[in-house]
$ cat query-v4.cif   # mmCIF, C-alpha atoms
data_work
loop_
_atom_site.label_atom_id
_atom_site.label_comp_id
_atom_site.auth_asym_id
_atom_site.auth_seq_id
_atom_site.Cartn_x
_atom_site.Cartn_y
_atom_site.Cartn_z
CA MET V 192 15.04 -14.35 31.10
CA GLU V 193 16.53 -10.87 31.00
CA PHE V 194 18.54 -9.68 28.03
CA SER V 195 20.23 -6.33 27.51
CA ARG V 196 22.17 -7.04 24.27
CA ILE V 197 20.86 -9.22 21.48
CA LEU V 198 22.77 -10.20 18.33
CA ILE V 199 20.59 -10.73 15.26
CA VAL V 200 22.21 -12.88 12.55
CA ASP V 201 20.60 -13.02 9.09
CA ASP V 202 21.89 -12.40 5.57
CA SER V 203 18.77 -10.37 4.80
CA ALA V 204 18.82 -6.81 6.10
CA THR V 205 15.02 -6.82 5.79
CA SER V 206 14.79 -9.87 8.02
CA ARG V 207 17.09 -8.32 10.63
CA MET V 208 14.92 -5.21 10.60
CA ILE V 209 11.71 -7.25 10.99
CA ILE V 210 13.12 -9.33 13.85
CA LYS V 211 14.33 -6.24 15.70
CA ARG V 212 10.99 -4.51 15.16
CA CYS V 213 9.09 -7.54 16.45
CA PHE V 214 11.18 -7.53 19.63
CA GLN V 215 10.53 -3.81 20.07
CA ILE V 216 6.77 -4.13 19.47
CA ALA V 217 6.70 -7.04 21.92
CA GLY V 218 7.96 -4.60 24.54
CA TYR V 219 11.72 -5.07 24.37
CA GLY V 220 12.63 -1.62 23.11
CA ASP V 221 15.23 -1.02 25.82
CA ILE V 222 17.45 -3.81 24.56
CA GLN V 223 20.50 -2.96 22.48
CA TYR V 224 20.55 -4.80 19.17
CA LEU V 225 23.66 -5.78 17.25
CA GLU V 226 23.58 -7.26 13.74
CA ALA V 227 25.63 -9.66 11.65
CA GLU V 228 24.96 -10.86 8.10
CA ASP V 229 26.25 -14.41 8.48
CA GLY V 230 27.66 -16.87 10.98
CA LEU V 231 31.25 -15.88 10.30
CA ALA V 232 30.58 -12.21 11.04
CA ALA V 233 28.59 -13.23 14.11
CA LEU V 234 31.47 -15.27 15.57
CA SER V 235 33.88 -12.41 14.95
CA LEU V 236 31.55 -9.95 16.67
CA LEU V 237 30.97 -12.30 19.61
CA GLN V 238 34.72 -12.38 20.28
CA LYS V 239 34.66 -8.61 20.83
CA GLU V 240 31.22 -7.71 22.15
CA ARG V 241 29.21 -8.87 25.13
CA VAL V 242 25.94 -10.43 23.99
CA ASP V 243 23.20 -12.01 26.09
CA LEU V 244 21.26 -13.73 23.31
CA VAL V 245 21.90 -14.73 19.71
CA VAL V 246 18.98 -14.81 17.30
CA SER V 247 20.01 -16.49 14.08
CA ASP V 248 18.69 -17.60 10.73
CA ILE V 249 19.75 -21.01 9.44
CA LYS V 250 20.38 -20.54 5.74
CA MET V 251 23.13 -17.97 5.23
CA PRO V 252 26.18 -17.72 2.97
CA LYS V 253 29.73 -18.14 4.31
CA MET V 254 28.53 -19.83 7.52
CA ASP V 255 25.02 -21.10 8.15
CA GLY V 256 23.17 -21.03 11.46
CA THR V 257 23.70 -24.70 12.24
CA THR V 258 27.47 -24.32 11.89
CA LEU V 259 27.39 -21.10 13.93
CA VAL V 260 25.67 -22.89 16.81
CA ARG V 261 28.15 -25.78 16.64
CA LYS V 262 31.21 -23.48 16.63
CA LEU V 263 29.71 -21.34 19.37
CA ARG V 264 29.31 -24.35 21.65
CA LEU V 265 32.98 -25.31 21.11
CA ASN V 266 34.14 -21.93 22.44
CA LYS V 267 34.54 -21.88 26.22
CA GLU V 268 34.21 -18.12 26.51
CA ILE V 269 31.03 -17.63 24.48
CA GLY V 270 29.71 -21.16 24.30
CA THR V 271 26.98 -20.66 26.90
CA ILE V 272 25.26 -17.73 25.18
CA PRO V 273 21.65 -18.78 24.55
CA VAL V 274 20.63 -19.09 20.90
CA VAL V 275 17.24 -18.74 19.26
CA ILE V 276 16.76 -19.87 15.69
CA ILE V 277 14.37 -17.92 13.45
CA SER V 278 14.15 -19.47 10.03
CA SER V 279 12.00 -20.16 7.01
CA VAL V 280 13.42 -23.65 6.55
CA GLY V 281 13.31 -26.50 8.98
CA ASN V 282 11.97 -29.88 9.88
CA GLU V 283 11.68 -32.09 12.93
CA ALA V 284 15.08 -33.72 12.46
CA LEU V 285 16.88 -30.40 12.16
CA GLU V 286 15.00 -28.98 15.12
CA GLU V 287 15.97 -31.98 17.25
CA GLN V 288 19.60 -31.52 16.23
CA LEU V 289 19.49 -27.85 17.14
CA ARG V 290 17.85 -28.49 20.51
CA GLU V 291 20.62 -30.99 21.30
CA SER V 292 23.00 -28.07 20.73
CA SER V 293 21.15 -26.14 23.42
CA VAL V 294 19.19 -23.88 21.09
CA ILE V 295 16.50 -22.60 23.43
CA ALA V 296 13.79 -21.85 20.87
CA ILE V 297 13.06 -22.32 17.20
CA ILE V 298 10.70 -19.84 15.60
CA LYS V 299 9.38 -20.23 12.07
CA LYS V 300 9.28 -17.21 9.77
CA PRO V 301 7.34 -15.02 9.32
CA VAL V 302 8.30 -13.84 12.78
CA SER V 303 5.76 -11.78 14.71
CA PRO V 304 5.69 -9.88 18.01
CA ALA V 305 3.38 -12.60 19.36
CA LYS V 306 5.92 -15.32 18.61
CA ILE V 307 8.67 -13.24 20.24
CA LEU V 308 6.53 -12.58 23.29
CA SER V 309 5.66 -16.26 23.59
CA PHE V 310 9.29 -17.28 23.62
CA MET V 311 10.50 -14.49 25.89
CA GLU V 312 7.87 -15.19 28.50
CA GLU V 313 8.61 -18.93 28.71
CA MET T 140 -7.11 -34.78 -2.52
CA SER T 141 -5.18 -34.80 -5.81
CA ILE T 142 -1.61 -33.52 -6.06
CA GLU T 143 -2.83 -30.47 -7.95
CA GLU T 144 -5.41 -29.68 -5.28
CA LYS T 145 -2.88 -30.13 -2.49
CA LEU T 146 -0.38 -27.89 -4.29
CA LYS T 147 -3.02 -25.19 -4.70
CA GLN T 148 -4.23 -25.42 -1.13
CA SER T 149 -0.67 -25.29 0.22
CA MET T 150 0.22 -22.36 -2.01
CA ASP T 151 -2.96 -20.42 -1.23
CA GLU T 152 -2.49 -20.82 2.52
CA ALA T 153 1.22 -19.97 2.35
CA VAL T 154 0.61 -16.88 0.25
CA MET T 155 -2.21 -15.58 2.42
CA GLN T 156 -0.31 -16.10 5.68
CA THR T 157 3.03 -14.78 4.44
CA PHE T 158 1.57 -11.62 2.93
CA ALA T 159 -0.62 -10.99 5.96
CA GLU T 160 2.01 -11.54 8.63
CA MET T 161 4.99 -10.09 6.82
CA ALA T 162 3.53 -7.32 4.69
CA PHE T 163 0.19 -6.72 6.45
CA VAL T 164 -1.60 -7.20 3.13
CA ASP T 165 -4.82 -9.19 2.84
CA VAL T 166 -4.59 -11.55 -0.11
CA LEU T 167 -7.25 -13.75 -1.65
CA PRO T 168 -6.96 -16.33 -4.41
CA ALA T 169 -8.25 -14.93 -7.70
CA ASP T 170 -8.83 -16.07 -11.23
CA ILE T 171 -6.59 -13.79 -13.27
CA PRO T 172 -5.21 -15.43 -16.41
CA LYS T 173 -2.33 -13.06 -17.02
CA ILE T 174 -0.42 -10.71 -14.74
CA ASP T 175 1.62 -7.82 -16.06
CA HIS T 176 4.73 -8.05 -13.95
CA SER T 177 8.00 -6.26 -13.50
CA GLN T 178 11.19 -8.20 -12.69
CA ILE T 179 10.52 -11.81 -11.72
CA MET T 180 11.93 -13.26 -8.53
CA ILE T 181 12.88 -16.92 -8.39
CA ILE T 182 13.65 -19.50 -5.74
CA GLU T 183 14.68 -23.06 -6.48
CA ILE T 184 13.51 -26.03 -4.50
CA THR T 185 16.28 -28.57 -4.08
CA ARG T 186 14.91 -31.12 -1.66
CA PRO T 187 12.98 -33.45 -1.34
CA GLN T 188 12.06 -32.79 -4.96
CA ARG T 189 13.52 -30.39 -7.41
CA GLY T 190 11.37 -27.48 -8.41
CA VAL T 191 11.23 -23.77 -9.01
CA MET T 192 8.94 -21.01 -7.84
CA TYR T 193 8.55 -17.63 -9.51
CA LEU T 194 6.94 -14.59 -7.93
CA LEU T 195 5.31 -12.39 -10.56
CA MET T 196 4.30 -8.98 -9.25
CA PRO T 197 3.57 -5.66 -10.92
CA ARG T 198 5.51 -2.68 -9.58
CA GLU T 199 2.40 -1.46 -7.79
CA CYS T 200 2.20 -4.65 -5.76
CA LYS T 201 5.91 -4.60 -4.98
CA GLN T 202 5.60 -1.00 -3.83
CA CYS T 203 2.70 -1.82 -1.52
CA VAL T 204 4.52 -4.77 0.04
CA VAL T 205 7.87 -3.01 0.42
CA GLU T 206 6.39 0.16 1.87
CA ASN T 207 4.36 -1.85 4.38
CA ILE T 208 7.34 -3.91 5.48
CA HIS T 209 9.76 -1.01 5.70
CA GLY T 210 7.36 1.64 6.87
CA ASP T 211 9.06 3.98 4.41
CA SER T 212 8.20 5.30 0.97
CA TRP T 213 9.38 3.43 -2.11
CA GLU T 214 11.31 6.49 -3.23
CA SER T 215 13.31 6.65 -0.01
CA LEU T 216 14.57 3.08 -0.34
CA SER T 217 17.54 1.91 -2.36
CA VAL T 218 17.30 -0.74 -5.09
CA ASP T 219 19.22 -3.11 -2.81
CA GLN T 220 16.76 -2.55 0.03
CA ILE T 221 13.78 -3.14 -2.26
CA ASP T 222 15.27 -6.28 -3.80
CA ASP T 223 16.30 -7.66 -0.41
CA CYS T 224 12.81 -7.06 0.96
CA LEU T 225 11.07 -8.82 -1.92
CA LEU T 226 13.56 -11.69 -1.94
CA GLU T 227 13.04 -12.23 1.79
CA LEU T 228 9.29 -12.31 1.16
CA LEU T 229 9.84 -15.01 -1.46
CA ASN T 230 12.19 -16.88 0.86
CA VAL T 231 9.58 -16.97 3.62
CA LEU T 232 6.82 -17.85 1.16
CA GLY T 233 8.87 -20.73 -0.23
CA GLY T 234 9.54 -22.21 3.20
CA ASN T 235 5.93 -21.71 4.23
CA PHE T 236 4.64 -23.47 1.11
CA LEU T 237 7.02 -26.42 1.44
CA SER T 238 6.26 -26.99 5.12
CA ARG T 239 2.54 -27.04 4.32
CA TYR T 240 2.88 -29.24 1.25
CA TYR T 241 5.31 -31.82 2.64
CA GLY T 242 4.58 -31.51 6.37
CA GLU T 243 6.90 -30.75 9.27
CA ALA T 244 8.49 -34.21 9.34
CA VAL T 245 10.03 -33.90 5.87
CA SER T 246 13.39 -32.25 5.33
CA TYR T 247 13.28 -29.67 2.56
CA SER T 248 15.67 -27.07 1.25
CA VAL T 249 15.66 -24.14 -1.14
CA SER T 250 18.24 -22.02 -2.89
CA PHE T 251 18.92 -18.40 -2.07
CA PRO T 252 16.20 -16.40 -3.86
CA GLN T 253 17.26 -14.25 -6.81
CA VAL T 254 16.00 -11.50 -9.06
CA VAL T 255 15.81 -12.53 -12.71
CA PHE T 256 17.40 -9.94 -14.97
CA ASP T 257 16.93 -11.67 -18.30
CA GLU T 258 13.55 -13.31 -18.68
CA SER T 259 14.48 -14.70 -22.07
CA GLU T 260 16.56 -17.30 -20.23
CA LEU T 261 13.56 -18.57 -18.29
CA PRO T 262 11.58 -21.59 -19.47
CA ASP T 263 8.11 -21.10 -20.86
CA LEU T 264 5.77 -20.39 -17.95
CA GLU T 265 2.93 -22.13 -19.75
CA SER T 266 4.34 -25.41 -18.49
CA PHE T 267 4.07 -24.17 -14.89
CA SER T 268 1.24 -24.37 -12.39
CA TYR T 269 -0.04 -20.81 -12.09
CA TYR T 270 -1.68 -19.37 -9.01
CA SER T 271 -3.09 -15.86 -9.15
CA TYR T 272 -4.06 -13.62 -6.27
CA ASP T 273 -5.66 -10.31 -5.41
CA ALA T 274 -3.72 -8.21 -2.92
CA GLU T 275 -6.28 -5.59 -1.89
CA GLY T 276 -7.09 -4.84 -5.52
CA ILE T 277 -3.63 -5.48 -6.98
CA PRO T 278 -3.08 -8.75 -8.84
CA PHE T 279 0.01 -10.91 -8.61
CA ALA T 280 0.87 -14.53 -9.26
CA VAL T 281 3.08 -17.41 -8.25
CA ALA T 282 4.25 -19.88 -10.88
CA LEU T 283 5.43 -23.29 -9.70
CA LYS T 284 7.03 -26.26 -11.34
CA MET T 285 7.79 -29.38 -9.32
CA GLU T 286 9.52 -32.42 -10.74
CA THR T 287 7.98 -35.68 -9.59
CA GLN T 288 9.73 -38.85 -10.61
CA GLY T 289 10.84 -37.21 -13.83
CA ASP T 290 7.46 -35.74 -14.65
CA SER T 291 6.50 -32.12 -14.10
CA VAL T 292 3.50 -31.25 -11.95
#
$ encode --input "query-v4.cif" --output "structure tokens"
Amino acid sequence: MEFSRILIVDDSATSRMIIKRCFQIAGYGDIQYLEAEDGLAALSLLQKERVDLVVSDIKMPKMDGTTLVRKLRLNKEIGTIPVVIISSVGNEALEEQLRESSVIAIIKKPVSPAKILSFMEE
Amino acid sequence: MSIEEKLKQSMDEAVMQTFAEMAFVDVLPADIPKIDHSQIMIIEITRPQRGVMYLLMPRECKQCVVENIHGDSWESLSVDQIDDCLLELLNVLGGNFLSRYYGEAVSYSVSFPQVVFDESELPDLESFSYYSYDAEGIPFAVALKMETQGDSV
């Protein structure tokens, strides 16, 4: 898969920084990274900006990652954007639910360049 | 394995992995009865059992972790950046511990982590399970209280 613009969604600025850095260390430094601090801000940004991939946390204020994925899939214009979940919380039931919503990968925090590389090369 | 042993093993593994992969700090379990700490950070466990986890770190330890994660000096970072960094560390640690303790098949959830500004409002930590660690010569601790069928562990 080739991506030129990735949206990182996480309420923690530290987490957004770490995720971006892991992508860059994994060799994806040429990609342009956009950021949003919750699902609501992400949806607003996606209406205005072209994005090839959404990388989102689950637990966020205002709108969590699960709701973001659901609302994204309901939108005809942006509903096919691939989504990766990177989160500290999770379980098999939630992961199954997310995969049914066409989430293409679920990565457990702490994220690392190796985990990013593994997903990007699949 | 007893509950206490499983809690300790899960916490030790979660702490070592989280600090290594997030903050690039090697951590080993240690036997340190009391840690002098600066502001406590707290995260509440809401499912499948109620509980609370405190992260007790001296400023020196916080500085080491934050500088490693950010790649910048402590002095160059804002209070918000420092707090956010440490709270994210606790958030990841909490999830890591719960997934180890309960297993991947169990649904668990935690609150948003917070900095405690008034320690006088906290319950007595002597009733908590206390896990101390050595982070490359700097001590820190995690205090945990889990409610099991009305009894504290």
$ resolve_selection --input "query-v4.cif" --expression "the PyMOL selection byres ((chain V) within 12 of (chain T))" --output "NGL selection string"
:V and (201-210 or 212-213 or 248-252 or 277-287 or 299-306)
$ write_last_selection --input "query-v4.cif" --atoms "C-alpha atoms" --output "compact mmCIF listing (two decimals), in the coordinates of the input"
# COMPACT_ATOMS: atom_id res chain seq x y z
CA ASP V 201 20.60 -13.02 9.09
CA ASP V 202 21.89 -12.40 5.57
CA SER V 203 18.77 -10.37 4.80
CA ALA V 204 18.82 -6.81 6.10
CA THR V 205 15.02 -6.82 5.79
CA SER V 206 14.79 -9.87 8.02
CA ARG V 207 17.09 -8.32 10.63
CA MET V 208 14.92 -5.21 10.60
CA ILE V 209 11.71 -7.25 10.99
CA ILE V 210 13.12 -9.33 13.85
CA ARG V 212 10.99 -4.51 15.16
CA CYS V 213 9.09 -7.54 16.45
CA ASP V 248 18.69 -17.60 10.73
CA ILE V 249 19.75 -21.01 9.44
CA LYS V 250 20.38 -20.54 5.74
CA MET V 251 23.13 -17.97 5.23
CA PRO V 252 26.18 -17.72 2.97
CA ILE V 277 14.37 -17.92 13.45
CA SER V 278 14.15 -19.47 10.03
CA SER V 279 12.00 -20.16 7.01
CA VAL V 280 13.42 -23.65 6.55
CA GLY V 281 13.31 -26.50 8.98
CA ASN V 282 11.97 -29.88 9.88
CA GLU V 283 11.68 -32.09 12.93
CA ALA V 284 15.08 -33.72 12.46
CA LEU V 285 16.88 -30.40 12.16
CA GLU V 286 15.00 -28.98 15.12
CA GLU V 287 15.97 -31.98 17.25
CA LYS V 299 9.38 -20.23 12.07
CA LYS V 300 9.28 -17.21 9.77
CA PRO V 301 7.34 -15.02 9.32
CA VAL V 302 8.30 -13.84 12.78
CA SER V 303 5.76 -11.78 14.71
CA PRO V 304 5.69 -9.88 18.01
CA ALA V 305 3.38 -12.60 19.36
CA LYS V 306 5.92 -15.32 18.61
$ residues_near_point --input "query-v4.cif" --point "(8.2, -22.5, -12.5)" --cutoff "9 Å" --atoms "all atoms listed in the file" --output "number ranges by chain"
T: 181, 183, 190-193, 261-269, 281-285
$ write_last_selection --input "query-v4.cif" --atoms "C-alpha atoms" --output "short mmCIF file (atom, residue, chain, number, x, y, z; two decimals), in the coordinates of the input"
data_model
loop_
_atom_site.label_atom_id
_atom_site.label_comp_id
_atom_site.auth_asym_id
_atom_site.auth_seq_id
_atom_site.Cartn_x
_atom_site.Cartn_y
_atom_site.Cartn_z
CA ILE T 181 12.88 -16.92 -8.39
CA GLU T 183 14.68 -23.06 -6.48
CA GLY T 190 11.37 -27.48 -8.41
CA VAL T 191 11.23 -23.77 -9.01
CA MET T 192 8.94 -21.01 -7.84
CA TYR T 193 8.55 -17.63 -9.51
CA LEU T 261 13.56 -18.57 -18.29
CA PRO T 262 11.58 -21.59 -19.47
CA ASP T 263 8.11 -21.10 -20.86
CA LEU T 264 5.77 -20.39 -17.95
CA GLU T 265 2.93 -22.13 -19.75
CA SER T 266 4.34 -25.41 -18.49
CA PHE T 267 4.07 -24.17 -14.89
CA SER T 268 1.24 -24.37 -12.39
CA TYR T 269 -0.04 -20.81 -12.09
CA VAL T 281 3.08 -17.41 -8.25
CA ALA T 282 4.25 -19.88 -10.88
CA LEU T 283 5.43 -23.29 -9.70
CA LYS T 284 7.03 -26.26 -11.34
CA MET T 285 7.79 -29.38 -9.32
#
$ residues_around --input "query-v4.cif" --residues "T:Ala280" --least-positions-apart "6" --cutoff "7 Å" --atoms "all atoms listed in the file" --output "number ranges by chain"
T: 174, 194-196, 269-272
$ write_last_selection --input "query-v4.cif" --atoms "C-alpha atoms" --output "compact mmCIF listing (two decimals), in the frame of the given file"
# COMPACT_ATOMS: atom_id res chain seq x y z
CA ILE T 174 -0.42 -10.71 -14.74
CA LEU T 194 6.94 -14.59 -7.93
CA LEU T 195 5.31 -12.39 -10.56
CA MET T 196 4.30 -8.98 -9.25
CA TYR T 269 -0.04 -20.81 -12.09
CA TYR T 270 -1.68 -19.37 -9.01
CA SER T 271 -3.09 -15.86 -9.15
CA TYR T 272 -4.06 -13.62 -6.27
$ residues_around --input "query-v4.cif" --residues "V:Ala233" --least-positions-apart "4" --cutoff "10 Å" --atoms "all atoms listed in the file" --output "PDB file with C-alpha atoms, keeping the file's coordinate frame"
ATOM      1  CA  LEU V 198      22.770 -10.200  18.330  1.00  0.00           C
ATOM      2  CA  ILE V 199      20.590 -10.730  15.260  1.00  0.00           C
ATOM      3  CA  VAL V 200      22.210 -12.880  12.550  1.00  0.00           C
ATOM      4  CA  ASP V 201      20.600 -13.020   9.090  1.00  0.00           C
ATOM      5  CA  LEU V 225      23.660  -5.780  17.250  1.00  0.00           C
ATOM      6  CA  GLU V 226      23.580  -7.260  13.740  1.00  0.00           C
ATOM      7  CA  ALA V 227      25.630  -9.660  11.650  1.00  0.00           C
ATOM      8  CA  GLU V 228      24.960 -10.860   8.100  1.00  0.00           C
ATOM      9  CA  ASP V 229      26.250 -14.410   8.480  1.00  0.00           C
ATOM     10  CA  LEU V 237      30.970 -12.300  19.610  1.00  0.00           C
ATOM     11  CA  GLN V 238      34.720 -12.380  20.280  1.00  0.00           C
ATOM     12  CA  VAL V 245      21.900 -14.730  19.710  1.00  0.00           C
ATOM     13  CA  SER V 247      20.010 -16.490  14.080  1.00  0.00           C
ATOM     14  CA  MET V 254      28.530 -19.830   7.520  1.00  0.00           C
ATOM     15  CA  GLY V 256      23.170 -21.030  11.460  1.00  0.00           C
ATOM     16  CA  LEU V 259      27.390 -21.100  13.930  1.00  0.00           C
ATOM     17  CA  LEU V 263      29.710 -21.340  19.370  1.00  0.00           C
TER      18      LEU V 263
END
$ residues_near_point --input "query-v4.cif" --point "(6.2, -12.7, 23.6)" --cutoff "10 Å" --atoms "all atoms listed in the file" --output "number ranges by chain"
V: 213-214, 216-219, 303-313
$ closest_residue --input "query-v4.cif" --among "T:Gln178, T:Glu206, T:Arg239, T:Lys173" --to "T:Gln148" --atoms "only C-alpha atoms"
T:Arg239
$ axis_aligned_box --input "query-v4.cif" --around "stretch 217-231 of chain T" --padding-each-side "4 Å" --output "JSON"
{"center_x": 14.3, "center_y": -7.5, "center_z": -0.7, "size_x": 17.9, "size_y": 26.9, "size_z": 16.7}
$ resolve_selection --input "query-v4.cif" --expression "the PyMOL selection byres ((chain T and resi 177) around 6)" --output "ChimeraX atom specification"
/T:176,178,197-198
$ resolve_selection --input "query-v4.cif" --expression "the PyMOL selection byres ((chain V and resi 274) around 8)" --output "PyMOL selection string"
chain V and resi 244-247+260+272-273+275-276+293-296
$ atom_distance --input "query-v4.cif" --atom1 "atom CA of T:Val254" --atom2 "atom CA of T:Glu144"
28.3 Å
$ atom_distance --input "query-v4.cif" --atom1 "atom CA of T:Glu286" --atom2 "atom CA of T:Arg189"
5.6 Å
$ atom_distance --input "query-v4.cif" --atom1 "atom CA of T:Glu214" --atom2 "atom CA of T:Lys201"
12.5 Å
$ closest_residue --input "query-v4.cif" --among "V:Gly270, V:Thr257, V:Arg264, V:Gln215" --to "V:Gln288" --atoms "all atoms listed in the file"
V:Thr257
$ decode --input "query-v4.cif" --residues "stretch 166-180 of chain T" --atoms "N, CA and C atoms" --output "short mmCIF file (atom, residue, chain, number, x, y, z; two decimals), in the first residue's frame"
data_model
loop_
_atom_site.label_atom_id
_atom_site.label_comp_id
_atom_site.auth_asym_id
_atom_site.auth_seq_id
_atom_site.Cartn_x
_atom_site.Cartn_y
_atom_site.Cartn_z
N VAL T 166 14.15 -1.13 33.02
CA VAL T 166 13.58 -1.14 34.37
C VAL T 166 13.63 -2.55 34.93
N LEU T 167 13.98 -2.65 36.19
CA LEU T 167 13.96 -3.94 36.87
C LEU T 167 13.16 -3.83 38.16
N PRO T 168 12.44 -4.88 38.53
CA PRO T 168 11.77 -4.85 39.83
C PRO T 168 12.81 -4.68 40.94
N ALA T 169 12.44 -3.94 41.98
CA ALA T 169 13.36 -3.68 43.09
C ALA T 169 12.59 -3.75 44.40
N ASP T 170 13.33 -3.82 45.46
CA ASP T 170 12.71 -3.86 46.78
C ASP T 170 13.00 -2.54 47.49
N ILE T 171 12.19 -1.56 47.22
CA ILE T 171 12.39 -0.22 47.78
C ILE T 171 11.12 0.14 48.55
N PRO T 172 11.20 0.18 49.88
CA PRO T 172 9.98 0.34 50.68
C PRO T 172 9.27 1.68 50.53
N LYS T 173 10.02 2.73 50.24
CA LYS T 173 9.37 4.03 50.15
C LYS T 173 10.04 4.85 49.07
N ILE T 174 9.21 5.45 48.21
CA ILE T 174 9.72 6.27 47.11
C ILE T 174 9.35 7.73 47.40
N ASP T 175 10.33 8.60 47.34
CA ASP T 175 10.01 10.03 47.39
C ASP T 175 9.53 10.44 46.01
N HIS T 176 8.30 10.90 45.93
CA HIS T 176 7.74 11.18 44.62
C HIS T 176 7.27 12.61 44.52
N SER T 177 7.20 13.10 43.31
CA SER T 177 6.54 14.38 43.06
C SER T 177 5.08 14.06 42.73
N GLN T 178 4.39 14.90 41.97
CA GLN T 178 2.96 14.71 41.77
C GLN T 178 2.60 13.31 41.28
N ILE T 179 1.62 12.72 41.94
CA ILE T 179 1.15 11.38 41.59
C ILE T 179 0.26 11.44 40.36
N MET T 180 0.35 10.41 39.54
CA MET T 180 -0.57 10.27 38.41
C MET T 180 -1.46 9.07 38.67
#
